[in-house]
Structure formats: structure tokens, C-alpha cells
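Q: The structure follows.
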Amino acid sequence: MASSNADAALGAVNAYIDGFNRLDMGAMSAAFNFPHVRLARGRFFTFDSAQQFQHQSERLAESLAAEGWHHTVVESADVIHDGEDKVHVAMTVTRRNAEGETYNQFNTLWIATLQDGHWGIQFRSSYLA
């Protein structure tokens, strides 16, 4: 049985993915804790605030449309470490086109933290192709 911390971390994951699928930058950033760090394609990106994340993500819809994206699905989400104020979640994620066909699948590790009573994603490391 998952702990309440694991449930809260998975809730943050789901909130982010729901926001991502709506391209709702406010919902996406609300699922984070800051500073938020992303490691992808060998580079670290740090967002110090929700405003910075939203500003730097302004072209997200355009880049996703260019690759044929319609929505993202979390195929699996496994809590691999569950602590008092930090939870690690290993996931397999797919990007799908409008026909529902998977065109990109990758593994990712997200770390959710508890800050000031808020569970949010604070770190993401993806093997995004």
C-alpha cells in the first residue's frame, strides 16, 4: 500500500501531466516546487519561479505541434523511494499523435518534495529522444 506521501507525489505528477495535456502553464507550474530543475539531453535547466517557467515555456505549444504531439500518457509510475519530505517516481511516458499512436516513448525520473505544506515536482530527469 502506498504511503500518503507517495500518493501526494503521484498527485503532483498527475496534476502536471493534466496541465501539460491542456498546455496550461499555470497548472503545470502549480504542480512544481521551486527552484525546479530539469535534466534533459545532457543539459540542466533551472527555473527559480513559476513566472520564469511560464515565460521560458511560451513556445512549448509550437514545438509540440511541430512534432505532431496531441497528448502525453504516463504508461507507468513507480514510487522507488518514499521519504518524509521527498519521493522519487520512475516513469515511462509516451507522446501520442491525434490518432492516439505513440511516436515517442521515454523513461524519466521525477522527484517530488514537500515545501511549506505543498507536494510538488522539484526535479525531472528524462531520456527524451
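We label chains A, B, ... in the order they appear in the C-alpha cells, count residues from 1 in each chain, and number ligands from 1 in the order shown.
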Sorted by chain and rising residue number, which residues of region 43-119 of chain A lie within 10 Å of region 20-37 of chain A, and what are their closest atom pairs and distances in Å to one decimal, counting only C-alpha atoms, as JSON lines?

A:
{"residue": "A:Phe44", "atom": "CA", "partner": "A:Val37", "partner_atom": "CA", "distance": 6.8}
{"residue": "A:Phe45", "atom": "CA", "partner": "A:Val37", "partner_atom": "CA", "distance": 5.6}
{"residue": "A:Thr46", "atom": "CA", "partner": "A:Val37", "partner_atom": "CA", "distance": 4.5}
{"residue": "A:Phe47", "atom": "CA", "partner": "A:His36", "partner_atom": "CA", "distance": 5.1}
{"residue": "A:Asp48", "atom": "CA", "partner": "A:Pro35", "partner_atom": "CA", "distance": 4.3}
{"residue": "A:Ser49", "atom": "CA", "partner": "A:Phe34", "partner_atom": "CA", "distance": 5.8}
{"residue": "A:Ala50", "atom": "CA", "partner": "A:Ser29", "partner_atom": "CA", "distance": 5.4}
{"residue": "A:Gln51", "atom": "CA", "partner": "A:Ser29", "partner_atom": "CA", "distance": 8.4}
{"residue": "A:Gln52", "atom": "CA", "partner": "A:Ser29", "partner_atom": "CA", "distance": 9.6}
{"residue": "A:Phe53", "atom": "CA", "partner": "A:Ser29", "partner_atom": "CA", "distance": 7.0}
{"residue": "A:Gln54", "atom": "CA", "partner": "A:Met25", "partner_atom": "CA", "distance": 5.7}
{"residue": "A:His55", "atom": "CA", "partner": "A:Met25", "partner_atom": "CA", "distance": 9.1}
{"residue": "A:Ser57", "atom": "CA", "partner": "A:Met25", "partner_atom": "CA", "distance": 7.6}
{"residue": "A:Glu58", "atom": "CA", "partner": "A:Met25", "partner_atom": "CA", "distance": 8.5}
{"residue": "A:Leu60", "atom": "CA", "partner": "A:Leu23", "partner_atom": "CA", "distance": 8.0}
{"residue": "A:Ala61", "atom": "CA", "partner": "A:Leu23", "partner_atom": "CA", "distance": 6.8}
{"residue": "A:Leu64", "atom": "CA", "partner": "A:Leu23", "partner_atom": "CA", "distance": 9.9}
{"residue": "A:Trp69", "atom": "CA", "partner": "A:Asn21", "partner_atom": "CA", "distance": 9.7}
{"residue": "A:His70", "atom": "CA", "partner": "A:Asn21", "partner_atom": "CA", "distance": 7.8}
{"residue": "A:His71", "atom": "CA", "partner": "A:Asn21", "partner_atom": "CA", "distance": 5.4}
{"residue": "A:Thr72", "atom": "CA", "partner": "A:Asn21", "partner_atom": "CA", "distance": 6.3}
{"residue": "A:Val73", "atom": "CA", "partner": "A:Asn21", "partner_atom": "CA", "distance": 8.9}
{"residue": "A:Trp110", "atom": "CA", "partner": "A:Val37", "partner_atom": "CA", "distance": 9.9}
{"residue": "A:Ile111", "atom": "CA", "partner": "A:Val37", "partner_atom": "CA", "distance": 9.8}
{"residue": "A:Ala112", "atom": "CA", "partner": "A:Asn33", "partner_atom": "CA", "distance": 7.9}
{"residue": "A:Thr113", "atom": "CA", "partner": "A:Asn33", "partner_atom": "CA", "distance": 7.1}
{"residue": "A:Leu114", "atom": "CA", "partner": "A:Asn33", "partner_atom": "CA", "distance": 8.0}
{"residue": "A:Gln115", "atom": "CA", "partner": "A:Asn33", "partner_atom": "CA", "distance": 7.0}
{"residue": "A:Asp116", "atom": "CA", "partner": "A:Asn33", "partner_atom": "CA", "distance": 9.7}
{"residue": "A:His118", "atom": "CA", "partner": "A:Asn33", "partner_atom": "CA", "distance": 7.8}
{"residue": "A:Trp119", "atom": "CA", "partner": "A:Asn33", "partner_atom": "CA", "distance": 7.4}

Q: At a cut-off of 7 Å, using only C-alpha atoms, what residues contact Val74 (chain A)? Leave out same-chain residues fewer than 3 positions from it and give the result as a list in words.

A: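 Listed by chain and then number, they are Ala77, Met91, Thr92, Val93 and Thr94 of chain A.
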
Q: Check the smallest atom-to-atom distance from each of A:Arg95, A:Gly83, A:Asn14, A:Ala8 to Glu67 (chain A) using only C-alpha atoms, then report the winner.

A: A:Arg95

Q: If you run DSSP on the backbone here, which positions in region 25-61 of chain A get strand (DSSP E or B)? Please write them as a list in words.

A: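 Here are the strand (DSSP E or B) residues of region 25-61 of chain A: Phe32, Asn33, Phe34, Pro35, His36, Val37, Arg38, Leu39, Ala40, Arg43, Phe44, Phe45, Thr46 and Phe47 of chain A.
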
Q: Can I get the selected residues back with all heavy atoms, as a compact mmCIF listing (two decimals), in the first residue's frame?

A:
# COMPACT_ATOMS: atom_id res chain seq x y z
N PHE A 32 4.66 22.18 -9.45
CA PHE A 32 6.10 22.21 -9.14
C PHE A 32 6.37 22.78 -7.76
O PHE A 32 5.54 23.50 -7.18
CB PHE A 32 6.85 23.10 -10.14
CG PHE A 32 7.01 22.56 -11.52
CD1 PHE A 32 7.30 23.41 -12.56
CD2 PHE A 32 6.86 21.22 -11.81
CE1 PHE A 32 7.47 22.95 -13.85
CE2 PHE A 32 7.03 20.73 -13.09
CZ PHE A 32 7.34 21.60 -14.11
N ASN A 33 7.55 22.51 -7.27
CA ASN A 33 8.19 23.28 -6.20
C ASN A 33 9.41 23.93 -6.82
O ASN A 33 10.03 23.38 -7.73
CB ASN A 33 8.58 22.40 -5.01
CG ASN A 33 7.41 22.14 -4.08
OD1 ASN A 33 6.47 22.93 -4.02
ND2 ASN A 33 7.45 21.03 -3.36
N PHE A 34 9.74 25.10 -6.32
CA PHE A 34 10.85 25.87 -6.89
C PHE A 34 11.94 26.07 -5.85
O PHE A 34 11.65 26.17 -4.67
CB PHE A 34 10.33 27.23 -7.39
CG PHE A 34 9.39 27.07 -8.56
CD1 PHE A 34 8.02 27.00 -8.36
CD2 PHE A 34 9.88 26.96 -9.84
CE1 PHE A 34 7.16 26.83 -9.43
CE2 PHE A 34 9.03 26.79 -10.92
CZ PHE A 34 7.66 26.73 -10.70
N PRO A 35 13.21 26.15 -6.32
CA PRO A 35 13.62 26.07 -7.72
C PRO A 35 13.33 24.68 -8.28
O PRO A 35 13.43 23.68 -7.59
CB PRO A 35 15.11 26.36 -7.71
CG PRO A 35 15.55 26.01 -6.32
CD PRO A 35 14.36 26.26 -5.43
N HIS A 36 12.97 24.67 -9.55
CA HIS A 36 12.67 23.42 -10.26
C HIS A 36 13.81 23.17 -11.25
O HIS A 36 14.21 24.08 -11.97
CB HIS A 36 11.34 23.54 -11.01
CG HIS A 36 11.02 22.32 -11.80
ND1 HIS A 36 10.42 21.21 -11.24
CD2 HIS A 36 11.25 22.01 -13.09
CE1 HIS A 36 10.29 20.28 -12.17
NE2 HIS A 36 10.80 20.74 -13.30
N VAL A 37 14.30 21.93 -11.28
CA VAL A 37 15.43 21.59 -12.14
C VAL A 37 15.01 20.48 -13.10
O VAL A 37 14.37 19.50 -12.69
CB VAL A 37 16.65 21.13 -11.31
CG1 VAL A 37 17.81 20.74 -12.22
CG2 VAL A 37 17.07 22.23 -10.34
N ARG A 38 15.40 20.64 -14.35
CA ARG A 38 15.15 19.62 -15.37
C ARG A 38 16.48 19.26 -16.02
O ARG A 38 17.25 20.14 -16.41
CB ARG A 38 14.19 20.14 -16.43
CG ARG A 38 13.91 19.09 -17.50
CD ARG A 38 12.79 19.53 -18.42
NE ARG A 38 12.51 18.45 -19.36
CZ ARG A 38 12.52 18.61 -20.68
NH1 ARG A 38 12.76 19.78 -21.23
NH2 ARG A 38 12.26 17.59 -21.47
N LEU A 39 16.74 17.96 -16.14
CA LEU A 39 17.91 17.44 -16.84
C LEU A 39 17.41 16.67 -18.05
O LEU A 39 16.71 15.67 -17.92
CB LEU A 39 18.73 16.53 -15.94
CG LEU A 39 19.89 15.76 -16.58
CD1 LEU A 39 20.91 16.71 -17.20
CD2 LEU A 39 20.55 14.86 -15.55
N ALA A 40 17.73 17.19 -19.23
CA ALA A 40 17.30 16.54 -20.48
C ALA A 40 18.32 16.83 -21.56
O ALA A 40 18.85 17.94 -21.64
CB ALA A 40 15.92 17.04 -20.90
N ARG A 43 21.64 18.48 -20.55
CA ARG A 43 21.70 19.85 -20.05
C ARG A 43 20.78 20.03 -18.86
O ARG A 43 19.68 19.48 -18.83
CB ARG A 43 21.31 20.85 -21.15
CG ARG A 43 22.29 20.84 -22.33
CD ARG A 43 21.94 21.88 -23.39
NE ARG A 43 21.78 23.20 -22.80
CZ ARG A 43 20.97 24.13 -23.30
NH1 ARG A 43 20.25 23.88 -24.36
NH2 ARG A 43 20.88 25.32 -22.73
N PHE A 44 21.23 20.84 -17.90
CA PHE A 44 20.41 21.22 -16.76
C PHE A 44 19.71 22.54 -17.05
O PHE A 44 20.32 23.47 -17.58
CB PHE A 44 21.27 21.40 -15.50
CG PHE A 44 21.69 20.12 -14.87
CD1 PHE A 44 22.90 19.53 -15.20
CD2 PHE A 44 20.89 19.49 -13.93
CE1 PHE A 44 23.30 18.34 -14.61
CE2 PHE A 44 21.27 18.29 -13.35
CZ PHE A 44 22.48 17.73 -13.68
N PHE A 45 18.45 22.60 -16.70
CA PHE A 45 17.66 23.82 -16.80
C PHE A 45 17.08 24.09 -15.41
O PHE A 45 16.45 23.20 -14.84
CB PHE A 45 16.53 23.67 -17.81
CG PHE A 45 16.99 23.30 -19.18
CD1 PHE A 45 17.14 21.97 -19.55
CD2 PHE A 45 17.29 24.28 -20.12
CE1 PHE A 45 17.58 21.62 -20.82
CE2 PHE A 45 17.73 23.95 -21.39
CZ PHE A 45 17.87 22.61 -21.74
N THR A 46 17.28 25.28 -14.89
CA THR A 46 16.76 25.63 -13.58
C THR A 46 15.76 26.76 -13.71
O THR A 46 16.02 27.77 -14.36
CB THR A 46 17.90 26.05 -12.63
OG1 THR A 46 18.82 24.96 -12.51
CG2 THR A 46 17.37 26.40 -11.25
N PHE A 47 14.62 26.55 -13.10
CA PHE A 47 13.57 27.57 -13.07
C PHE A 47 13.42 27.99 -11.61
O PHE A 47 13.08 27.18 -10.75
CB PHE A 47 12.25 27.01 -13.60
CG PHE A 47 12.37 26.41 -14.97
CD1 PHE A 47 12.52 25.04 -15.14
CD2 PHE A 47 12.35 27.22 -16.10
CE1 PHE A 47 12.64 24.49 -16.40
CE2 PHE A 47 12.47 26.68 -17.37
CZ PHE A 47 12.61 25.31 -17.52

Q: Could you check the closest approach to Val79 (chain A) for each of A:Ser4, A:Ala9, A:Asn107, A:Ser63 and tell me which residue wins, using only C-alpha atoms?

A: A:Ala9

Q: What is the CA of Thr108 (chain A) to CA of Arg124 (chain A) distance in Å?

A: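 Here the two named atoms are 7.0 Å from each other.
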
Q: Which distance in Å separates CA of Asn97 (chain A) and CA of Gly68 (chain A), to one decimal?

A: 5.6 Å

Q: Find the spatial neighbours of Glu84 (chain A), counting only C-alpha atoms, within a cut-off of 9 Å - ignore same-chain residues fewer than 2 positions away - and output them as a list in words.

A: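 Counting only C-alpha atoms, the residues come to Asn5, Asp82, Lys86, Val87 and Leu114 of chain A.
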
Q: Can I get the selected residues back with N, CA, C and O atoms, as a PDB file, in the first residue's frame?

A:
ATOM      1  N   ASN A   5       2.472  10.114   1.495  1.00  0.00           N
ATOM      2  CA  ASN A   5       3.462  10.931   0.786  1.00  0.00           C
ATOM      3  C   ASN A   5       3.581  10.476  -0.669  1.00  0.00           C
ATOM      4  O   ASN A   5       3.665  11.309  -1.569  1.00  0.00           O
ATOM      5  N   ASP A  82      10.496   6.571  -0.971  1.00  0.00           N
ATOM      6  CA  ASP A  82       9.381   7.264  -0.333  1.00  0.00           C
ATOM      7  C   ASP A  82       9.842   7.743   1.032  1.00  0.00           C
ATOM      8  O   ASP A  82      10.035   6.945   1.940  1.00  0.00           O
ATOM      9  N   LYS A  86      10.361  13.755   0.626  1.00  0.00           N
ATOM     10  CA  LYS A  86      10.858  13.567  -0.736  1.00  0.00           C
ATOM     11  C   LYS A  86      10.437  12.191  -1.226  1.00  0.00           C
ATOM     12  O   LYS A  86      10.552  11.203  -0.507  1.00  0.00           O
ATOM     13  N   VAL A  87       9.959  12.146  -2.483  1.00  0.00           N
ATOM     14  CA  VAL A  87       9.537  10.892  -3.100  1.00  0.00           C
ATOM     15  C   VAL A  87      10.107  10.847  -4.511  1.00  0.00           C
ATOM     16  O   VAL A  87       9.996  11.821  -5.256  1.00  0.00           O
ATOM     17  N   LEU A 114       8.296  18.081  -0.448  1.00  0.00           N
ATOM     18  CA  LEU A 114       7.318  18.776   0.377  1.00  0.00           C
ATOM     19  C   LEU A 114       7.931  20.094   0.820  1.00  0.00           C
ATOM     20  O   LEU A 114       8.952  20.111   1.501  1.00  0.00           O
TER      21      LEU A 114
END

Q: Per DSSP on the backbone, what are the alpha helix (DSSP H) residues of region 7-129 of chain A, as a PyMOL selection string?

A: chain A and resi 7-22+25-30+50-56+60-66

Q: Pick out the closest residue to Phe106 (chain A) from this set: A:Gln56, A:Ser126, A:Ser3, A:Ser76. Count only C-alpha atoms.

A: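 For Phe106 (chain A), the nearest of the candidates is A:Ser126.
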
Q: For CA of His81 (chain A) and CA of Gly19 (chain A), quote the distance in Å rounded to one decimal.

A: 24.7 Å
